[in-house]
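Enquirer: One structure is given below, represented as structure tokens, and several questions about it will come after.
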Amino acid sequence: MYKLKYFISEALKGLWRHRVMSLLSIITIFLVLFILGVFLMIGANVRFAVESLSESLEIRLVLKGNPTPQDVQRLYNSILSLNGVKEARFISRGEGLRNLAKELGREDLLGLLKTNPLPDVFEIRVKRASDVEAVVRSLKGWSETQEVIYGKEAAQKLLAIQRFLIYGGGILGSILLVSALLVIFNTVRLVVYARREEIEIMKLVGATHWFIRFPFIFEGVILGGVGGVLAFGALILSYGEAVKVLSSQFPFIPVILETAVLYKLCGAVLLLGLLIGFGGGLFAVQRLLGKVAME
Amino acid sequence: MYKLKYFISEALKGLWRHRVMSLLSIITIFLVLFILGVFLMIGANVRFAVESLSESLEIRLVLKGNPTPQDVQRLYNSILSLNGVKEARFISRGEGLRNLAKELGREDLLGLLKTNPLPDVFEIRVKRASDVEAVVRSLKGWSETQEVIYGKEAAQKLLAIQRFLIYGGGILGSILLVSALLVIFNTVRLVVYARREEIEIMKLVGATHWFIRFPFIFEGVILGGVGGVLAFGALILSYGEAVKVLSSQFPFIPVILETAVLYKLCGAVLLLGLLIGFGGGLFAVQRLLGKVAME
Amino acid sequence: MISFSAVTKVYPHGIVALRDITVNIEKGEFVFLIGPTGSGKTTFLRLIYREIKPTRGSVYVMGENLAKMKEKEIPYLRRKIGFVFQDFKLLPYKNVYENVAFALEVIGCDPDEKEARVEEVLERVGLSHRKHLLPYQLSGGERQRAAMARALVYDPPILLADEPTGNLDFEAARGIIDLLVEANLRGTTVIVATHNRDIVNSLRKRVIVLRDGALVRDDKEGGYDV
Amino acid sequence: MISFSAVTKVYPHGIVALRDITVNIEKGEFVFLIGPTGSGKTTFLRLIYREIKPTRGSVYVMGENLAKMKEKEIPYLRRKIGFVFQDFKLLPYKNVYENVAFALEVIGCDPDEKEARVEEVLERVGLSHRKHLLPYQLSGGERQRAAMARALVYDPPILLADEPTGNLDFEAARGIIDLLVEANLRGTTVIVATHNRDIVNSLRKRVIVLRDGALVRDDKEGGYDV
Ligand SMILES: Nc1ncnc2c1ncn2[C@@H]1O[C@H](COP(=O)(O)OP(=O)(O)OP(=O)(O)O)[C@@H](O)[C@H]1O
Ligand SMILES: Nc1ncnc2c1ncn2[C@@H]1O[C@H](COP(=O)(O)OP(=O)(O)OP(=O)(O)O)[C@@H](O)[C@H]1O
Ligand SMILES: [Mg+2]
Ligand SMILES: [Mg+2]
């Protein structure tokens, strides 16, 4: 207990003595973690946005013959029970013809036609682009189905873009993560390296490796922790601001508003700071301790 | 001349003496610049992609009455001469009806109709989303025009997204740039700070500020320059790889292939490294020199 | 207590600092180590402290062969030895009090006892009025006494002092030597490397003389000159 | 050449290192500055070097009032003064040769001349055989001589030596003092702060004695004790 207090007080003293250096490294750690956090948040939102896009994919189920209202209701229920279906809407042949006339700008189309050439149709939307193929396959198997029309190419493109974002984002995220780790690690090591003389003297006075190491580890944890807390705060605040601006200026761009997700992300960033600070402190001293005394 | 040689040799000796520290800071600078470069490249490509998307915006010019082939040719030329128009295609009423029949899946549509209810149409594509409004306005002014149909909402959304990318990217880029500057700057300062004792002694021996400063400035430039060159190389290589993967896996995603743009971006990154190294070296020593000798 | 058997130390650049030294120092002895500058006195002491290893031969301290000592045991060896370093080796960011206290913190001393012992030893070396100064704020002689206080504070069985009076006037030097003699009377083995002719001559203790790394004289009750 | 008029220096913590010192040292003089440890000798020398400013009073060096000297002129003042620091202040990552050469590089000396002069001065202090060692690889006495070589190499009009023999045996100390005397004979003003009674007594030069920061004695041809 007494020792713990001693180590922490030594760590704080060390940070204060070298306050310029401590400040520089806290700023560095903060910036690196902040950028990492910004990236994670953008990544999460882009995925969210692409998933929202999936909802615009439309499947048209063209029906055979003249289904009764009962048939339509039964079909409607079957469609909704399919995996991945978000919503479905029935468009009768009459409604279809009125829409077509309006689209062509010729309200007199109905008079020009002897009979209504259009079929009854269901318009179906799915939750995710990856659900399209399975839904289409199910629909095609039904006896009432005359034809299933859907943007095969669009669905595939969307799927590919999602895959691209997941892989690309993963690679980019990994690079960023590794870089953040290395930069913070290096910063803590630079701080320790600048104090090699102190370490050398401590060894000479008979301090064990752990006795020398502990204050440095605490220093690393404090540097990483403070940097992490700052990054955490800055991320939460700036995300709030960004969302405010976005939703007023670009209301159609979908953003994540669930705070649980955000806090999880920012918490991860904070934890990261702590961990790397710890690792940096530990390994940096390790290296200096490992060296044989200068001869 | 002799002095310059002396300063550079001192700088190199300094870097070599503290090679662990030099290596750590080069790695840090490299990573930070690399990330900055990756961001710049992604930004450039996203803008490029969004501009390509603009090409899918379609304007339909519906013509009055029964224009002659000469009228059509004249109109075609006028359309192409409009600012921002990329291409135009004439679709006669007959072709339009055939397309409609195919779309509805009722080849017998032509038989069902007494007369063709469709007008003659030009399908026009623009180069950029921002050109749509102007083109539409011109078209509306013509006497041959019955109606101009276009995705007003889609065009506006695309414009908004472009604006969003420019502003968002700008803000993000600035944050990243400032962070990169600070991190590199701090790294160089940490390196110099670790050598405050040397500087103190040099001052005592009668060295002028510039005499002390120069080798440190060169050290900063070398650290920043080596980090910058590494980032330059890594960016060029990894962009090449990324393009290879993208164009084989996701051929529909548009990427910049013009090497001039890339080299300009990477060159900027390299220059940045050099400049900040210089600034870091200069200001870091400055701070130590400014201090009055310890009393 | 301490014995060298055929010890040779060669530094990088082929500099031979000690040549084939065989010597035995018993528990409770008081030894002056003298010789011109560069003759190997500091090297001799650093070998006992296991700061360096001999190139050939072996060094035994309290029965242990230092060459075979594990890296992890070194701190415990050092806690049995007080060392007044020629260049002081004070921690630059700790003040005098903290520097001396550090030696006790390392061995896990109780905080209250620590305070009492540090105050007492600072009194003894005459530094109580400077205990809040950092090393760079001290005069040369004060630094030397701070280093002395750190070596004395935990009452080690062995005391090594490397030129502990180089920055002191005659009276202050006498005071420091008296402290060493006093520790010696309580049973501590003391080895002092020094150039101070007057002190060596007045105490008439065992004198070991090095020259160019070789042991050239070892007198039971010797003086500075033959 | 150097004159103090009513100089008082108070350090942080209210420590009075010098009290109302008024003294005048002429060009070509050789002065011993003595006094017990902590009496203010180093402070006296640091004032001349403009490392610190007096709290009250003024210091003149070569006709200039140091208090009015601009920050930018300090390096040029220092180049006129050779200083053997009590704690050496050698650049830790330069070897002996480079440390000495640095003093010449600072004043923009021609490379060939530089080499000749450095070699010559290292020969004079007896360090030619150690010129490739780094400071931490040197013995205490060797470090002291390296610091001495750096102060002598550019033949400054003023030489300040702070305890230049603390780590040296009598013969080596004599050698160093001879170098100072030799420089003095060539016209250099020399001030030596020292505890070395034998040397002060044997040379019979001007002796200034400090005690608790006050000037208590100033003899034309004095000795260590009254
Ligand atoms: N790390 C080292 N590398 C190379 N040579 C060294 C090293 N340490 C000491 N030496 C050399 O070994 C010789 C003996 O050094 P040592 O410090 O033992 O002398 P010393 O008797 O203590 O001298 P002094 O009285 O001047 O302190 C010296 O010539 C010195 O230059
Ligand atoms: N930077 C400082 N801050 C506070 N006190 C200081 C500082 N430098 C010196 N002192 C104090 O001023 C007093 C005079 O110091 P100075 O170094 O001048 O003594 P000295 O005569 O050179 O002693 P020595 O012979 O031991 O070297 C000492 O008591 C010292 O503690
Ligand atoms: Mg020695
Ligand atoms: Mg002094």
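Residue numbering restarts at 1 in every chain; chains get A, B, ... in the order shown in the structure tokens, and ligands count up from 1 in that same order.
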Let me see if you get this right: every residue at most 9 Å from ligand 2, counting only C-alpha atoms and all ligand atoms, written as an mmCIF file with C-alpha atoms, in the first residue's frame.
Expert:
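Ended up saving to part.cif:
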data_model
loop_
_atom_site.group_PDB
_atom_site.id
_atom_site.type_symbol
_atom_site.label_atom_id
_atom_site.label_comp_id
_atom_site.auth_asym_id
_atom_site.auth_seq_id
_atom_site.Cartn_x
_atom_site.Cartn_y
_atom_site.Cartn_z
ATOM 1 C CA MET B 294 19.841 27.844 -14.325
ATOM 2 C CA GLU B 295 20.622 29.796 -11.198
ATOM 3 C CA HIS C 129 20.508 23.772 5.894
ATOM 4 C CA ARG C 130 20.657 22.735 2.220
ATOM 5 C CA LEU C 133 18.216 22.324 -2.850
ATOM 6 C CA LEU C 134 18.585 20.387 -6.067
ATOM 7 C CA PRO C 135 22.041 19.042 -6.935
ATOM 8 C CA TYR C 136 22.734 21.734 -9.536
ATOM 9 C CA GLN C 137 22.102 24.367 -6.861
ATOM 10 C CA LEU C 138 24.764 22.976 -4.566
ATOM 11 C CA SER C 139 28.383 23.988 -4.339
ATOM 12 C CA GLY C 140 30.928 21.319 -5.240
ATOM 13 C CA GLY C 141 31.645 20.492 -1.622
ATOM 14 C CA GLU C 142 27.969 20.288 -0.751
ATOM 15 C CA ARG C 143 27.401 17.826 -3.557
ATOM 16 C CA GLN C 144 30.193 15.703 -2.256
ATOM 17 C CA ASN C 167 36.107 19.409 -3.441
ATOM 18 C CA LEU C 168 36.524 20.079 0.261
ATOM 19 C CA ASP C 169 38.793 22.305 2.278
ATOM 20 C CA LYS D 9 24.282 37.567 -4.927
ATOM 21 C CA VAL D 10 21.201 36.016 -3.375
ATOM 22 C CA TYR D 11 20.058 32.675 -4.754
ATOM 23 C CA PRO D 12 16.516 31.323 -4.542
ATOM 24 C CA HIS D 13 15.547 30.135 -1.051
ATOM 25 C CA GLY D 14 17.172 33.334 0.212
ATOM 26 C CA ILE D 15 20.654 31.882 0.173
ATOM 27 C CA VAL D 16 23.190 34.713 0.231
ATOM 28 C CA ALA D 17 26.231 33.448 -1.689
ATOM 29 C CA LEU D 18 28.135 36.734 -1.884
ATOM 30 C CA LEU D 33 40.338 32.470 -4.538
ATOM 31 C CA ILE D 34 40.046 30.421 -1.373
ATOM 32 C CA GLY D 35 37.576 29.760 1.377
ATOM 33 C CA PRO D 36 35.666 26.888 2.920
ATOM 34 C CA THR D 37 33.124 24.914 0.940
ATOM 35 C CA GLY D 38 29.995 26.911 0.167
ATOM 36 C CA SER D 39 31.702 30.245 0.761
ATOM 37 C CA GLY D 40 30.859 31.588 -2.716
ATOM 38 C CA LYS D 41 33.949 30.926 -4.844
ATOM 39 C CA THR D 42 32.099 29.364 -7.734
ATOM 40 C CA THR D 43 29.487 32.089 -7.544
ATOM 41 C CA PHE D 44 32.266 34.677 -7.811
ATOM 42 C CA LEU D 45 33.571 33.082 -11.005
ATOM 43 C CA ARG D 46 30.138 32.563 -12.543
ATOM 44 C CA GLN D 86 34.305 22.525 -11.167
ATOM 45 C CA ASP D 162 37.362 26.344 -10.445
ATOM 46 C CA GLU D 163 39.059 23.722 -8.308
ATOM 47 C CA ALA D 193 39.439 28.866 -6.911
ATOM 48 C CA THR D 194 41.010 26.099 -4.894
ATOM 49 C CA HIS D 195 41.233 24.167 -1.658
ATOM 50 C CA LEU D 210 35.878 34.355 1.127
ATOM 51 C CA ARG D 211 33.930 33.211 4.134
ATOM 52 C CA ASP D 212 30.145 32.917 4.109
ATOM 53 C CA GLY D 213 30.096 35.101 1.040
#
Enquirer: Excluding Val106 of chain D and any residue of its chain fewer than 4 positions from it, enumerate the residues within 10 Å of it, using only C-alpha atoms, and give them as a PyMOL selection string.
Expert: (chain B and resi 202-203+205-208+211-212) or (chain D and resi 75+79+101-102)
Enquirer: Write the residues you've just listed into a file as a PDB file, in the first residue's frame, and include N, CA and C atoms for each of them.
Expert:
ATOM      1  N   MET B 202      27.004  24.015 -24.531  1.00  0.00           N
ATOM      2  CA  MET B 202      27.457  24.769 -25.704  1.00  0.00           C
ATOM      3  C   MET B 202      27.375  26.266 -25.436  1.00  0.00           C
ATOM      4  N   LYS B 203      26.272  26.668 -24.812  1.00  0.00           N
ATOM      5  CA  LYS B 203      26.123  28.082 -24.497  1.00  0.00           C
ATOM      6  C   LYS B 203      27.244  28.542 -23.579  1.00  0.00           C
ATOM      7  N   VAL B 205      30.182  27.474 -23.378  1.00  0.00           N
ATOM      8  CA  VAL B 205      31.493  27.511 -24.010  1.00  0.00           C
ATOM      9  C   VAL B 205      31.590  28.685 -24.978  1.00  0.00           C
ATOM     10  N   GLY B 206      30.521  29.468 -25.107  1.00  0.00           N
ATOM     11  CA  GLY B 206      30.602  30.667 -25.926  1.00  0.00           C
ATOM     12  C   GLY B 206      30.053  30.507 -27.326  1.00  0.00           C
ATOM     13  N   ALA B 207      29.259  29.456 -27.555  1.00  0.00           N
ATOM     14  CA  ALA B 207      28.660  29.285 -28.879  1.00  0.00           C
ATOM     15  C   ALA B 207      27.503  30.268 -29.030  1.00  0.00           C
ATOM     16  N   THR B 208      27.391  30.890 -30.207  1.00  0.00           N
ATOM     17  CA  THR B 208      26.257  31.779 -30.448  1.00  0.00           C
ATOM     18  C   THR B 208      25.004  30.932 -30.647  1.00  0.00           C
ATOM     19  N   PHE B 211      24.930  29.158 -33.946  1.00  0.00           N
ATOM     20  CA  PHE B 211      25.887  28.051 -34.008  1.00  0.00           C
ATOM     21  C   PHE B 211      25.286  26.795 -33.378  1.00  0.00           C
ATOM     22  N   ILE B 212      24.541  26.990 -32.298  1.00  0.00           N
ATOM     23  CA  ILE B 212      23.898  25.860 -31.632  1.00  0.00           C
ATOM     24  C   ILE B 212      22.698  25.387 -32.434  1.00  0.00           C
TER      25      ILE B 212
ATOM     26  N   PRO D  75      27.977  35.358 -25.812  1.00  0.00           N
ATOM     27  CA  PRO D  75      28.940  34.405 -26.369  1.00  0.00           C
ATOM     28  C   PRO D  75      30.298  35.038 -26.623  1.00  0.00           C
ATOM     29  N   ARG D  79      34.026  33.982 -25.052  1.00  0.00           N
ATOM     30  CA  ARG D  79      35.165  33.543 -25.855  1.00  0.00           C
ATOM     31  C   ARG D  79      36.456  34.209 -25.427  1.00  0.00           C
ATOM     32  N   ALA D 101      38.232  20.602 -29.406  1.00  0.00           N
ATOM     33  CA  ALA D 101      38.106  21.246 -30.719  1.00  0.00           C
ATOM     34  C   ALA D 101      36.862  22.126 -30.775  1.00  0.00           C
ATOM     35  N   PHE D 102      35.823  21.723 -30.055  1.00  0.00           N
ATOM     36  CA  PHE D 102      34.566  22.473 -30.095  1.00  0.00           C
ATOM     37  C   PHE D 102      34.771  23.943 -29.732  1.00  0.00           C
TER      38      PHE D 102
END
Enquirer: Counting only C-alpha atoms and all ligand atoms, figure out which residue out of C:Asp20, C:Glu26, C:Asp87, C:Glu115 gets nearest to ligand 1.
Expert: C:Asp87
Enquirer: As an mmCIF file with all heavy atoms, in the first residue's frame, which residues of segment 89-138 of chain A does DSSP assign to strand (DSSP E or B)?
Expert:
data_model
loop_
_atom_site.group_PDB
_atom_site.id
_atom_site.type_symbol
_atom_site.label_atom_id
_atom_site.label_comp_id
_atom_site.auth_asym_id
_atom_site.auth_seq_id
_atom_site.Cartn_x
_atom_site.Cartn_y
_atom_site.Cartn_z
ATOM 1 N N ARG A 89 -46.014 -3.513 -50.766
ATOM 2 C CA ARG A 89 -47.190 -2.704 -51.093
ATOM 3 C C ARG A 89 -47.831 -3.303 -52.338
ATOM 4 O O ARG A 89 -47.152 -3.643 -53.305
ATOM 5 C CB ARG A 89 -46.735 -1.259 -51.358
ATOM 6 C CG ARG A 89 -47.856 -0.239 -51.193
ATOM 7 C CD ARG A 89 -47.250 1.156 -51.085
ATOM 8 N NE ARG A 89 -46.716 1.583 -52.360
ATOM 9 C CZ ARG A 89 -47.490 2.123 -53.346
ATOM 10 N NH1 ARG A 89 -48.772 2.305 -53.175
ATOM 11 N NH2 ARG A 89 -46.934 2.494 -54.478
ATOM 12 N N PHE A 90 -49.143 -3.450 -52.278
ATOM 13 C CA PHE A 90 -49.849 -4.022 -53.420
ATOM 14 C C PHE A 90 -50.275 -2.899 -54.345
ATOM 15 O O PHE A 90 -50.821 -1.883 -53.898
ATOM 16 C CB PHE A 90 -51.082 -4.792 -52.924
ATOM 17 C CG PHE A 90 -51.884 -5.375 -54.037
ATOM 18 C CD1 PHE A 90 -51.379 -6.415 -54.816
ATOM 19 C CD2 PHE A 90 -53.154 -4.877 -54.331
ATOM 20 C CE1 PHE A 90 -52.130 -6.949 -55.851
ATOM 21 C CE2 PHE A 90 -53.900 -5.412 -55.375
ATOM 22 C CZ PHE A 90 -53.392 -6.451 -56.137
ATOM 23 N N ILE A 91 -50.017 -3.069 -55.667
ATOM 24 C CA ILE A 91 -50.473 -2.087 -56.652
ATOM 25 C C ILE A 91 -51.337 -2.821 -57.673
ATOM 26 O O ILE A 91 -50.837 -3.623 -58.466
ATOM 27 C CB ILE A 91 -49.275 -1.412 -57.338
ATOM 28 C CG1 ILE A 91 -48.470 -0.643 -56.282
ATOM 29 C CG2 ILE A 91 -49.730 -0.451 -58.430
ATOM 30 C CD1 ILE A 91 -47.100 -0.241 -56.748
ATOM 31 N N LEU A 113 -56.926 3.101 -74.610
ATOM 32 C CA LEU A 113 -56.745 1.649 -74.482
ATOM 33 C C LEU A 113 -58.096 0.938 -74.494
ATOM 34 O O LEU A 113 -59.049 1.404 -73.866
ATOM 35 C CB LEU A 113 -56.029 1.333 -73.169
ATOM 36 C CG LEU A 113 -54.528 1.624 -73.128
ATOM 37 C CD1 LEU A 113 -54.024 1.513 -71.697
ATOM 38 C CD2 LEU A 113 -53.778 0.689 -74.044
ATOM 39 N N VAL A 121 -49.417 -6.101 -59.142
ATOM 40 C CA VAL A 121 -48.003 -6.113 -58.764
ATOM 41 C C VAL A 121 -47.836 -5.883 -57.263
ATOM 42 O O VAL A 121 -48.627 -5.157 -56.652
ATOM 43 C CB VAL A 121 -47.257 -5.001 -59.544
ATOM 44 C CG1 VAL A 121 -45.929 -4.679 -58.900
ATOM 45 C CG2 VAL A 121 -47.070 -5.415 -61.001
ATOM 46 N N PHE A 122 -46.821 -6.534 -56.655
ATOM 47 C CA PHE A 122 -46.383 -6.177 -55.293
ATOM 48 C C PHE A 122 -45.045 -5.455 -55.387
ATOM 49 O O PHE A 122 -44.136 -5.919 -56.069
ATOM 50 C CB PHE A 122 -46.173 -7.430 -54.436
ATOM 51 C CG PHE A 122 -47.396 -7.833 -53.668
ATOM 52 C CD1 PHE A 122 -48.117 -8.969 -54.030
ATOM 53 C CD2 PHE A 122 -47.816 -7.068 -52.578
ATOM 54 C CE1 PHE A 122 -49.250 -9.342 -53.312
ATOM 55 C CE2 PHE A 122 -48.942 -7.450 -51.868
ATOM 56 C CZ PHE A 122 -49.660 -8.582 -52.233
ATOM 57 N N GLU A 123 -44.927 -4.326 -54.701
ATOM 58 C CA GLU A 123 -43.608 -3.676 -54.581
ATOM 59 C C GLU A 123 -43.026 -4.016 -53.212
ATOM 60 O O GLU A 123 -43.634 -3.708 -52.191
ATOM 61 C CB GLU A 123 -43.744 -2.152 -54.704
ATOM 62 C CG GLU A 123 -43.648 -1.659 -56.149
ATOM 63 C CD GLU A 123 -43.770 -0.145 -56.226
ATOM 64 O OE1 GLU A 123 -43.531 0.518 -55.181
ATOM 65 O OE2 GLU A 123 -44.113 0.355 -57.304
ATOM 66 N N ILE A 124 -41.854 -4.621 -53.229
ATOM 67 C CA ILE A 124 -41.274 -5.132 -51.972
ATOM 68 C C ILE A 124 -39.921 -4.436 -51.698
ATOM 69 O O ILE A 124 -39.115 -4.253 -52.616
ATOM 70 C CB ILE A 124 -41.036 -6.659 -52.084
ATOM 71 C CG1 ILE A 124 -42.378 -7.340 -52.398
ATOM 72 C CG2 ILE A 124 -40.417 -7.211 -50.797
ATOM 73 C CD1 ILE A 124 -42.211 -8.756 -52.887
ATOM 74 N N ARG A 125 -39.701 -4.045 -50.424
ATOM 75 C CA ARG A 125 -38.394 -3.506 -50.053
ATOM 76 C C ARG A 125 -37.740 -4.408 -49.001
ATOM 77 O O ARG A 125 -38.417 -4.931 -48.125
ATOM 78 C CB ARG A 125 -38.547 -2.101 -49.468
ATOM 79 C CG ARG A 125 -38.836 -1.092 -50.532
ATOM 80 C CD ARG A 125 -39.154 0.265 -49.970
ATOM 81 N NE ARG A 125 -39.822 1.057 -50.993
ATOM 82 C CZ ARG A 125 -39.167 1.658 -51.997
ATOM 83 N NH1 ARG A 125 -37.860 1.588 -52.080
ATOM 84 N NH2 ARG A 125 -39.829 2.349 -52.900
ATOM 85 N N VAL A 126 -36.422 -4.530 -49.119
ATOM 86 C CA VAL A 126 -35.707 -5.392 -48.168
ATOM 87 C C VAL A 126 -34.923 -4.538 -47.178
ATOM 88 O O VAL A 126 -34.773 -3.335 -47.349
ATOM 89 C CB VAL A 126 -34.729 -6.340 -48.894
ATOM 90 C CG1 VAL A 126 -35.484 -7.352 -49.706
ATOM 91 C CG2 VAL A 126 -33.763 -5.531 -49.741
#
Enquirer: What residues in chain D have any atom no more than 7 Å from chain B when counting only C-alpha atoms, and can you write them as a list in words?
Expert: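 Result, ordered by chain then number: Glu51, Ile52, Pro75, Tyr76, Arg78, Arg79, Lys89, Leu91, Ala103 and Val106 of chain D.
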Enquirer: Write out the residues from the selection above, keeping C-alpha atoms, as a PDB file, in the first residue's frame.
Expert:
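Writing done, so here's selection.pdb:
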ATOM      1  CA  GLU D  51      26.357  32.851 -16.216  1.00  0.00           C
ATOM      2  CA  ILE D  52      24.450  34.633 -13.468  1.00  0.00           C
ATOM      3  CA  PRO D  75      28.940  34.405 -26.369  1.00  0.00           C
ATOM      4  CA  TYR D  76      31.578  36.922 -27.384  1.00  0.00           C
ATOM      5  CA  ARG D  78      32.739  34.029 -23.030  1.00  0.00           C
ATOM      6  CA  ARG D  79      35.165  33.543 -25.855  1.00  0.00           C
ATOM      7  CA  LYS D  89      30.843  20.394 -18.230  1.00  0.00           C
ATOM      8  CA  LEU D  91      29.871  17.510 -23.905  1.00  0.00           C
ATOM      9  CA  ALA D 103      35.884  25.550 -28.304  1.00  0.00           C
ATOM     10  CA  VAL D 106      32.766  28.023 -31.898  1.00  0.00           C
TER      11      VAL D 106
END
Enquirer: On all C-alpha atoms matched in order, how well does chain B superpose onto chain A? Give the RMSD in Å.
Expert: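 Once chain B is overlaid on chain A, the RMSD is 0.1 Å.
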Enquirer: With a distance cut-off of 9 Å and only C-alpha atoms, select the neighbouring residues of Leu159 of chain B, excluding the residue or stretch itself and same-chain residues fewer than 4 positions from it, and output the selection as a ChimeraX atom specification.
Expert: /B:54,128-130,154-155,163-164
Enquirer: Residues as selected, N, CA, C and O atoms, written as a PDB file, in the first residue's frame, can you do that?
Expert:
ATOM      1  N   SER B  54     -22.415  12.165 -61.214  1.00  0.00           N
ATOM      2  CA  SER B  54     -23.214  13.223 -61.825  1.00  0.00           C
ATOM      3  C   SER B  54     -23.643  12.835 -63.231  1.00  0.00           C
ATOM      4  O   SER B  54     -24.682  13.255 -63.723  1.00  0.00           O
ATOM      5  N   ARG B 128     -21.525  17.752 -64.746  1.00  0.00           N
ATOM      6  CA  ARG B 128     -21.516  17.901 -63.284  1.00  0.00           C
ATOM      7  C   ARG B 128     -22.917  18.185 -62.785  1.00  0.00           C
ATOM      8  O   ARG B 128     -23.710  18.844 -63.459  1.00  0.00           O
ATOM      9  N   ALA B 129     -23.211  17.746 -61.582  1.00  0.00           N
ATOM     10  CA  ALA B 129     -24.539  17.950 -61.005  1.00  0.00           C
ATOM     11  C   ALA B 129     -24.892  19.438 -60.970  1.00  0.00           C
ATOM     12  O   ALA B 129     -26.058  19.820 -61.124  1.00  0.00           O
ATOM     13  N   SER B 130     -23.863  20.264 -60.800  1.00  0.00           N
ATOM     14  CA  SER B 130     -24.132  21.700 -60.674  1.00  0.00           C
ATOM     15  C   SER B 130     -24.576  22.319 -62.004  1.00  0.00           C
ATOM     16  O   SER B 130     -25.072  23.435 -62.045  1.00  0.00           O
ATOM     17  N   ALA B 154     -32.932  14.600 -57.117  1.00  0.00           N
ATOM     18  CA  ALA B 154     -31.677  13.840 -57.204  1.00  0.00           C
ATOM     19  C   ALA B 154     -30.504  14.794 -57.447  1.00  0.00           C
ATOM     20  O   ALA B 154     -29.453  14.684 -56.817  1.00  0.00           O
ATOM     21  N   ALA B 155     -30.735  15.758 -58.375  1.00  0.00           N
ATOM     22  CA  ALA B 155     -29.661  16.696 -58.695  1.00  0.00           C
ATOM     23  C   ALA B 155     -29.295  17.509 -57.464  1.00  0.00           C
ATOM     24  O   ALA B 155     -28.107  17.723 -57.164  1.00  0.00           O
ATOM     25  N   ARG B 163     -21.190  19.219 -51.790  1.00  0.00           N
ATOM     26  CA  ARG B 163     -20.837  20.300 -50.888  1.00  0.00           C
ATOM     27  C   ARG B 163     -20.397  19.727 -49.532  1.00  0.00           C
ATOM     28  O   ARG B 163     -19.413  20.135 -48.943  1.00  0.00           O
ATOM     29  N   PHE B 164     -21.177  18.736 -49.072  1.00  0.00           N
ATOM     30  CA  PHE B 164     -20.875  18.091 -47.799  1.00  0.00           C
ATOM     31  C   PHE B 164     -19.464  17.500 -47.815  1.00  0.00           C
ATOM     32  O   PHE B 164     -18.676  17.671 -46.881  1.00  0.00           O
TER      33      PHE B 164
END
Enquirer: What does the distance from atom CA of Arg186 of chain D to atom CA of Phe30 of chain D come to in Å, to one decimal?
Expert: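 Between atom CA of Arg186 of chain D and atom CA of Phe30 of chain D the gap works out to 11.6 Å.
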